[in-house]
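Asks: Below is one structure. I have some questions about it.
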Amino acid sequence: MSDRRYSDQDADIDLGGLVGAIWRRRMLVLLSTVVLGGGAFAVASVISPRYQAETRILIESRNPTLTSQQAQQSAPEPAIDEAGVASQVALLQSNDLIKQVAKQLNLNDIEEFDPSANPDMLTRVMVLARLTKNPLDVPPEERVLAEFYKKLQVYQVEKSRVIAIQFSSKDPRLAAQVPTEMAKVYLALQSGAKLDTTNDTAKWLEPEIANLREKVSDAEAKVADYRASSDLYKTSDQATFSESQLGNISQELARIRGERANAEARAANVREALKAGRNVDSLSEVVGSPMIQRLKETQSNIEGQIADLSTSLLDGHPRLKGLRSQLSGITEQIRRETRKVLASLESEANVARDRERQLIGQLDNLKADTAVTEERQVGLKALEREATAQRQLLETYLARYREAVSRQDMNATPADGRIISNATVPAQPYFPKVLPITVVAALAGFLLSSVFIMLAELFSGRAIRYSGLEFEDDAVVGQSVARAAPIAAVTTPATTTTQTVHGEVEDDAQGVETATIDDKPSVKATSLLSLEPDVENPDSDMEAAAEDFIDEEFSVNAVARHLIDSDVNVAVAVSLSGDVGSTSTVILARTVAEMGRKTILIDMTGSALPTRLMAENVRQPGITDLLCGEASIADTIHGDRLSDAHLLPHGNANAKHAMRAAERLGMVVDSLANAYDLVIVECGPANVEGVKRLARSGQAEIILSAADASHEEIETAATSFIEAGYDDVVLLFGSGNPVPPSGRKAA
């Protein structure tokens, strides 16, 4: 069955196995860590220290505003963008700038910047053999530049207009002096370039200004001559004489038309009131007449007198008649005055109408004159535009010329940049950092050795776990099977006395002894071997020999080595002494797992002792749940809490109900055998008939866990299994300790 146990299985990496492999080879890991760390420390201690300093420059426009008027008239200068800052970085790395710095600091005389000036013996020999070029053929200036560039680093600070200049050297003072001098030379070059631009601008503007002055004079003279010849005199800065006159007449015409309309409207109102016989007292034209106001006062007095006399005199009284006669005359006078007001309004309207006609005639004449004037102004405006353009250009040139003349001084043209951080003499070298280098090298040694060990474990297959058990279709596995009687338990009392097994001892190819019991088939090397007693003290010698033999040949380690060497795939453990034997089986499973074999133990005991010893939680689903169909195989496999072995625990379902599907046990064992190197089925004190339901003869190896069992019990059990056809019967004598010691390495 072992030849197909890895077929069609999913492979997982055993992380615990990888860590265990590293721990087993910890001396190799420690040696590589110490060697690499010590070598790095030695190399870092020998290297000459190097110092580094940095100067920072802020790139910004520094053109001074000389006057407020100039600041208002001139457009704002564009901000320096990323490309502009990158250009300044390239300028700081230019050959001309570096040559000037090297000349000012006399770097040619420093051996650090010209190591090729004194070549070593090896270089000279290679030059003589024409294997390399002579470094002295290169000019000293070029050699200094090449070495300078190796120590220089210029870069733009991220998301800013700041340029950093870093320089490294064996001399800390020189490391701080070089970037500072580079910044000064850079600012001087920038200021000098701006000064040269200013001088060139002033020289170019002088003849241009003289030429523009002549052009402006000629243009203004042409404008004046054309204006005089075309009779285009101006009354203001914006209008000519004809345009002003046309505007005045238009305004007067509009006013006259308004007055005419007003007079006609008032006259029509008065006329309508008189024609309709309405009271004219409410008309503003009538109310505003002084004569009508006096007549109204007289009319009001007479009406008052009539009202007073009517209380004491009759209507036919002469006085009342006289007063009424006066009242009628005054009323008639008011009407006559109203007609006069109407005539006055009509007269005003007629006058306004006549004035309107006169203004319209004058306006028509001026329109004709204005059309001629506009035609003449076309040429005048062209001449004026030319003169204005020449004058504006002249004024612009004059302003720039005055500014250029005022800036013909180095201090008046600052560079577009300023130093914001000067380099200081470093106190500590930046390279080599002995402690970090040592730590990194040691860590690298540790990681490399660990990776090498893990790769070796992976390629050898020792760190691979195969999972994904092969089962029949769920319908087949889950179908009901015939009722079967549960595995019969053998309950024999445990004894502590060691009995003698008569037989002959032979050494096989693996060094495993075989004992013959009553001429039955052989039992493999885990039964007590027959020893010849001492003549003088047979009992004591027999006990000592038996104890030594059990400790060395029938121990858990011996059985574990036998199972591994024989490549046993399925083993059925029968505990003759009950829980004591089950404890030995648990220790056996853990031991095989620690030896690198994928091992699983199936708890088929009635007491569930293996489950209590190995499981984190005794209520985990197990074999009974699987047989009852209440859990899947993946849910019933759990890890041992103290080792790398796996456990299929007893479970929580009813054992009697589970054993109704006992025929499925063989299917479960076969499936687990395909996924694991070793499947141990702990049956407790089971008999042969119960074991046959798990594995037929020739398909499994029987382990008789005989801790604290008597010789008669061992002989009876071994004989029954051998007679049933199980030729491979192994005896296991454990420590008799019901509870294993704690710890992952307890097995």
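Labels for the structure tokens follow display order: chains A, B, ..., residues from 1 in each chain, ligands from 1.
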Find the residues near Gln166 in chain A: any atom within 10 Å, counting only C-alpha atoms, skip ones fewer than 5 places away on the same chain, and give them as a list in words.
Replies: Gln52, Ala53, Glu54, Thr55, Arg56, Lys151, Leu152, Gln153, Val154, Tyr155, Ala175, Ala176, Val178, Pro179, Thr180 and Ala423 of chain A
Asks: Set the distance at 12 Å and use only C-alpha atoms: which residues neighbour Arg255 in chain A once local chain neighbours fewer than 4 positions away are removed? I'd like the list as a list in words.
Replies: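 Non-adjacent residues within range: Asn248, Ile249, Ser250, Gln251, Glu259, Arg260, Ala261, Asn262, Ala352, Arg353, Arg355, Glu356 and Leu359 of chain A.
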Asks: What are the nearest atom pairs, with distances in Å to one decimal, for all residues of range 551-648 of chain A that come at most 10 Å from range 12-33 of chain A, using only C-alpha atoms, set out by chain and rising residue number as JSON lines?
Replies:
```
{"residue": "A:Glu594", "atom": "CA", "partner": "A:Gly17", "partner_atom": "CA", "distance": 9.2}
{"residue": "A:Gly596", "atom": "CA", "partner": "A:Gly17", "partner_atom": "CA", "distance": 7.9}
{"residue": "A:Ser643", "atom": "CA", "partner": "A:Gly16", "partner_atom": "CA", "distance": 9.8}
{"residue": "A:Asp644", "atom": "CA", "partner": "A:Gly16", "partner_atom": "CA", "distance": 7.8}
```
Asks: Could you jot down the CA of Asn557 in chain A to CA of Arg590 in chain A separation for me, Å, one decimal place?
Replies: 10.4 Å
Asks: Do you know which residues are at most 7 Å from Ser584 in chain A counting only C-alpha atoms, after dropping those on the same chain fewer than 3 positions away, and could you put them as a list in words?
Replies: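 Everything that qualifies: Val580, Gly581, Ile587, Leu588, Ser705 and Gly734 of chain A.
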Asks: For Thr331 in chain A, find every residue with an atom within 12 Å (counting only C-alpha atoms), except residues of its own chain fewer than 2 positions away, and show them as a PyMOL selection string.
Replies: chain A and resi 279-281+292+294-300+302-303+324-329+333-338
Asks: What is the CA of Leu320 in chain A-CA of Ile306 in chain A distance in Å, reported with one decimal?
Replies: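 Answer for the CA of Leu320 in chain A to CA of Ile306 in chain A separation: 6.3 Å.
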Asks: Among range 325-461 of chain A, which residues carry a DSSP assignment of strand (DSSP E or B), reported as a list in words?
Replies: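 Assigned to strand (DSSP E or B), within range 325-461 of chain A: Arg418, Ile419, Ile420, Ser421 and Phe431 of chain A.
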Asks: Save out the residues we just selected, N, CA and C atoms, as an mmCIF file, in the first residue's frame.
Replies:
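And here's out_18.cif as it stands now:
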```cif
data_model
loop_
_atom_site.group_PDB
_atom_site.id
_atom_site.type_symbol
_atom_site.label_atom_id
_atom_site.label_comp_id
_atom_site.auth_asym_id
_atom_site.auth_seq_id
_atom_site.Cartn_x
_atom_site.Cartn_y
_atom_site.Cartn_z
ATOM 1 N N ARG A 418 19.803 81.420 -3.736
ATOM 2 C CA ARG A 418 20.506 81.820 -2.513
ATOM 3 C C ARG A 418 20.766 80.595 -1.656
ATOM 4 N N ILE A 419 21.832 80.656 -0.899
ATOM 5 C CA ILE A 419 22.223 79.538 -0.039
ATOM 6 C C ILE A 419 21.338 79.546 1.201
ATOM 7 N N ILE A 420 20.666 78.465 1.437
ATOM 8 C CA ILE A 420 19.802 78.366 2.618
ATOM 9 C C ILE A 420 20.409 77.457 3.681
ATOM 10 N N SER A 421 21.459 76.685 3.322
ATOM 11 C CA SER A 421 22.092 75.803 4.303
ATOM 12 C C SER A 421 23.546 75.600 3.900
ATOM 13 N N PHE A 431 30.711 56.659 6.076
ATOM 14 C CA PHE A 431 31.049 55.320 5.597
ATOM 15 C C PHE A 431 32.481 55.005 6.028
#
```
Asks: Any idea what's packed within 10 Å of Asp603 in chain A, counting only C-alpha atoms, ignoring anything in its chain fewer than 4 positions away? Could you give it as a list in words?
Replies: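 Residues meeting the cut-off are Ser582, Val586, Ser607, Ala608, Leu609, Pro610, Thr611, Gly622, Ile623, Thr624, Leu647, Leu648, Pro649, His650, Gly651, Ile680, Val681, Glu682, Cys683 and Gly684 of chain A.
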Asks: Store the residues picked out above, limited to C-alpha atoms, as a PDB file, in the first residue's frame.
Replies:
```
ATOM      1  CA  SER A 582      -3.062   2.878  24.694  1.00  0.00           C
ATOM      2  CA  VAL A 586       0.199   7.373  21.671  1.00  0.00           C
ATOM      3  CA  SER A 607     -12.231   4.901  26.970  1.00  0.00           C
ATOM      4  CA  ALA A 608     -11.070   7.491  24.379  1.00  0.00           C
ATOM      5  CA  LEU A 609      -7.743   7.799  26.226  1.00  0.00           C
ATOM      6  CA  PRO A 610      -5.728   8.689  23.056  1.00  0.00           C
ATOM      7  CA  THR A 611      -8.188  11.490  22.387  1.00  0.00           C
ATOM      8  CA  GLY A 622     -14.039  12.012  15.334  1.00  0.00           C
ATOM      9  CA  ILE A 623     -14.464   8.480  13.997  1.00  0.00           C
ATOM     10  CA  THR A 624     -17.915   7.907  15.486  1.00  0.00           C
ATOM     11  CA  LEU A 647      -5.345  12.370  15.316  1.00  0.00           C
ATOM     12  CA  LEU A 648      -8.726  10.978  14.276  1.00  0.00           C
ATOM     13  CA  PRO A 649     -10.347  11.189  17.751  1.00  0.00           C
ATOM     14  CA  HIS A 650     -13.053   9.046  19.299  1.00  0.00           C
ATOM     15  CA  GLY A 651     -15.857  11.513  18.503  1.00  0.00           C
ATOM     16  CA  ILE A 680      -2.021   3.544  13.483  1.00  0.00           C
ATOM     17  CA  VAL A 681      -5.428   2.251  14.566  1.00  0.00           C
ATOM     18  CA  GLU A 682      -5.605   2.037  18.362  1.00  0.00           C
ATOM     19  CA  CYS A 683      -8.313  -0.577  19.107  1.00  0.00           C
ATOM     20  CA  GLY A 684      -7.804  -0.959  22.819  1.00  0.00           C
TER      21      GLY A 684
END
```
Asks: Restricting the calculation to only C-alpha atoms, which member of A:Glu346, A:Pro685, A:Asp677, A:Lys321 is positioned closest to Ser575 in chain A?
Replies: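 Answer, going by the shortest atom-to-atom distance: A:Pro685.
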Asks: In terms of the shortest atom-to-atom distance over only C-alpha atoms, which of A:Ile633, A:Ala183, A:Ile98, A:Leu455 is closest to Val144 in chain A?
Replies: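 Among A:Ile633, A:Ala183, A:Ile98, A:Leu455, it is A:Ile98 that comes nearest to Val144 in chain A.
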Asks: Taking the DSSP assignment computed from this structure's backbone, write out as a list in words all residues of range 594-648 of chain A that belong to alpha helix (DSSP H).
Replies: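 Of range 594-648 of chain A, only Glu594, Leu609, Pro610, Thr611, Arg612, Leu613, Met614, Ile623, Thr624, Asp625, Leu626, Leu627, Ile633, Ala634, Asp635 and Thr636 of chain A fall in alpha helix (DSSP H).
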Asks: Would you save the residues of that selection, restricted to all heavy atoms, as a CSV table (one decimal), in the first residue's frame?
Replies:
```
chain,number,residue,atom,x,y,z
A,594,GLU,N,8.0,12.4,15.0
A,594,GLU,CA,9.2,13.2,15.2
A,594,GLU,C,10.3,12.6,14.4
A,594,GLU,O,11.3,13.4,14.1
A,594,GLU,CB,9.6,13.1,16.7
A,594,GLU,CG,8.6,13.9,17.6
A,594,GLU,CD,8.6,15.4,17.2
A,594,GLU,OE1,9.7,15.9,16.8
A,594,GLU,OE2,7.6,16.0,17.3
A,609,LEU,N,-8.9,7.3,25.6
A,609,LEU,CA,-7.7,7.8,26.2
A,609,LEU,C,-6.8,8.5,25.2
A,609,LEU,O,-6.3,9.6,25.5
A,609,LEU,CB,-7.0,6.7,26.9
A,609,LEU,CG,-5.7,7.1,27.6
A,609,LEU,CD1,-5.9,8.1,28.7
A,609,LEU,CD2,-4.9,5.9,28.1
A,610,PRO,N,-6.6,8.0,24.0
A,610,PRO,CA,-5.7,8.7,23.1
A,610,PRO,C,-6.3,10.1,22.7
A,610,PRO,O,-5.5,11.0,22.5
A,610,PRO,CB,-5.7,7.8,21.8
A,610,PRO,CG,-6.0,6.4,22.4
A,610,PRO,CD,-6.9,6.6,23.5
A,611,THR,N,-7.6,10.2,22.7
A,611,THR,CA,-8.2,11.5,22.4
A,611,THR,C,-7.9,12.5,23.5
A,611,THR,O,-7.5,13.6,23.3
A,611,THR,CB,-9.7,11.4,22.2
A,611,THR,OG1,-9.9,10.5,21.1
A,611,THR,CG2,-10.3,12.7,21.9
A,612,ARG,N,-8.0,12.0,24.8
A,612,ARG,CA,-7.7,12.9,25.9
A,612,ARG,C,-6.3,13.2,26.0
A,612,ARG,O,-5.9,14.3,26.4
A,612,ARG,CB,-8.1,12.2,27.2
A,612,ARG,CG,-9.6,11.9,27.3
A,612,ARG,CD,-10.1,11.6,28.7
A,612,ARG,NE,-9.3,10.5,29.3
A,612,ARG,CZ,-9.7,9.2,29.3
A,612,ARG,NH1,-10.8,8.9,28.6
A,612,ARG,NH2,-9.0,8.3,29.9
A,613,LEU,N,-5.4,12.4,25.5
A,613,LEU,CA,-3.9,12.7,25.6
A,613,LEU,C,-3.5,13.6,24.4
A,613,LEU,O,-2.6,14.4,24.6
A,613,LEU,CB,-3.1,11.4,25.6
A,613,LEU,CG,-3.3,10.4,26.8
A,613,LEU,CD1,-2.5,9.2,26.6
A,613,LEU,CD2,-2.9,11.1,28.0
A,614,MET,N,-4.1,13.5,23.3
A,614,MET,CA,-3.6,14.2,22.1
A,614,MET,C,-4.4,15.4,21.7
A,614,MET,O,-3.8,16.3,21.1
A,614,MET,CB,-3.5,13.2,20.9
A,614,MET,CG,-2.6,12.0,21.2
A,614,MET,SD,-2.5,10.9,19.7
A,614,MET,CE,-1.7,11.8,18.5
A,623,ILE,N,-14.1,9.6,14.8
A,623,ILE,CA,-14.5,8.5,14.0
A,623,ILE,C,-15.9,8.1,14.1
A,623,ILE,O,-16.6,7.7,13.2
A,623,ILE,CB,-13.5,7.3,14.4
A,623,ILE,CG1,-13.8,6.1,13.4
A,623,ILE,CG2,-13.7,6.9,15.8
A,623,ILE,CD1,-13.4,6.4,12.0
A,624,THR,N,-16.5,8.2,15.3
A,624,THR,CA,-17.9,7.9,15.5
A,624,THR,C,-18.8,8.9,14.7
A,624,THR,O,-19.8,8.5,14.1
A,624,THR,CB,-18.3,7.9,17.0
A,624,THR,OG1,-18.0,9.2,17.5
A,624,THR,CG2,-17.5,6.9,17.7
A,625,ASP,N,-18.4,10.2,14.7
A,625,ASP,CA,-19.2,11.1,13.9
A,625,ASP,C,-19.1,10.8,12.4
A,625,ASP,O,-20.0,11.0,11.7
A,625,ASP,CB,-18.7,12.6,14.2
A,625,ASP,CG,-18.8,12.9,15.7
A,625,ASP,OD1,-20.0,13.2,16.1
A,625,ASP,OD2,-17.8,12.9,16.4
A,626,LEU,N,-17.9,10.4,12.0
A,626,LEU,CA,-17.7,10.1,10.6
A,626,LEU,C,-18.5,8.9,10.2
A,626,LEU,O,-19.1,8.9,9.1
A,626,LEU,CB,-16.2,9.8,10.3
A,626,LEU,CG,-15.8,9.5,8.9
A,626,LEU,CD1,-16.1,10.6,7.9
A,626,LEU,CD2,-14.3,9.2,8.9
A,627,LEU,N,-18.5,7.8,11.0
A,627,LEU,CA,-19.3,6.6,10.7
A,627,LEU,C,-20.8,6.9,10.7
A,627,LEU,O,-21.5,6.3,9.9
A,627,LEU,CB,-18.9,5.5,11.6
A,627,LEU,CG,-17.5,5.0,11.6
A,627,LEU,CD1,-17.2,3.9,12.6
A,627,LEU,CD2,-17.2,4.5,10.2
A,633,ILE,N,-14.7,13.9,6.5
A,633,ILE,CA,-13.3,13.4,6.9
A,633,ILE,C,-12.4,14.6,7.2
A,633,ILE,O,-11.6,14.5,8.1
A,633,ILE,CB,-12.7,12.6,5.8
A,633,ILE,CG1,-11.4,12.0,6.2
A,633,ILE,CG2,-12.6,13.4,4.5
A,633,ILE,CD1,-11.5,11.0,7.3
A,634,ALA,N,-12.6,15.7,6.5
A,634,ALA,CA,-11.7,16.9,6.8
A,634,ALA,C,-12.0,17.5,8.1
A,634,ALA,O,-11.1,18.1,8.8
A,634,ALA,CB,-12.0,18.0,5.7
A,635,ASP,N,-13.3,17.4,8.6
A,635,ASP,CA,-13.6,17.9,10.0
A,635,ASP,C,-13.2,17.0,11.1
A,635,ASP,O,-13.2,17.5,12.3
A,635,ASP,CB,-15.1,18.2,10.1
A,635,ASP,CG,-15.6,19.2,9.1
A,635,ASP,OD1,-14.8,20.1,8.7
A,635,ASP,OD2,-16.8,19.1,8.6
A,636,THR,N,-12.8,15.8,10.8
A,636,THR,CA,-12.5,14.9,11.9
A,636,THR,C,-11.0,14.7,12.1
A,636,THR,O,-10.6,14.0,13.1
A,636,THR,CB,-13.1,13.5,11.6
A,636,THR,OG1,-12.7,13.0,10.3
A,636,THR,CG2,-14.6,13.6,11.6
```
Asks: Quote the spacing between CA of Glu375 in chain A and CA of Ala224 in chain A in Å to one decimal place.
Replies: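 The value is 16.9 Å.
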Asks: Out of A:Gln390, A:Thr716, A:Thr438, A:Asn106, which residue has the shortest atom-to-atom distance to Ala210 in chain A when counting only C-alpha atoms?
Replies: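 Of A:Gln390, A:Thr716, A:Thr438, A:Asn106, the one nearest Ala210 in chain A is A:Gln390, counting only C-alpha atoms.
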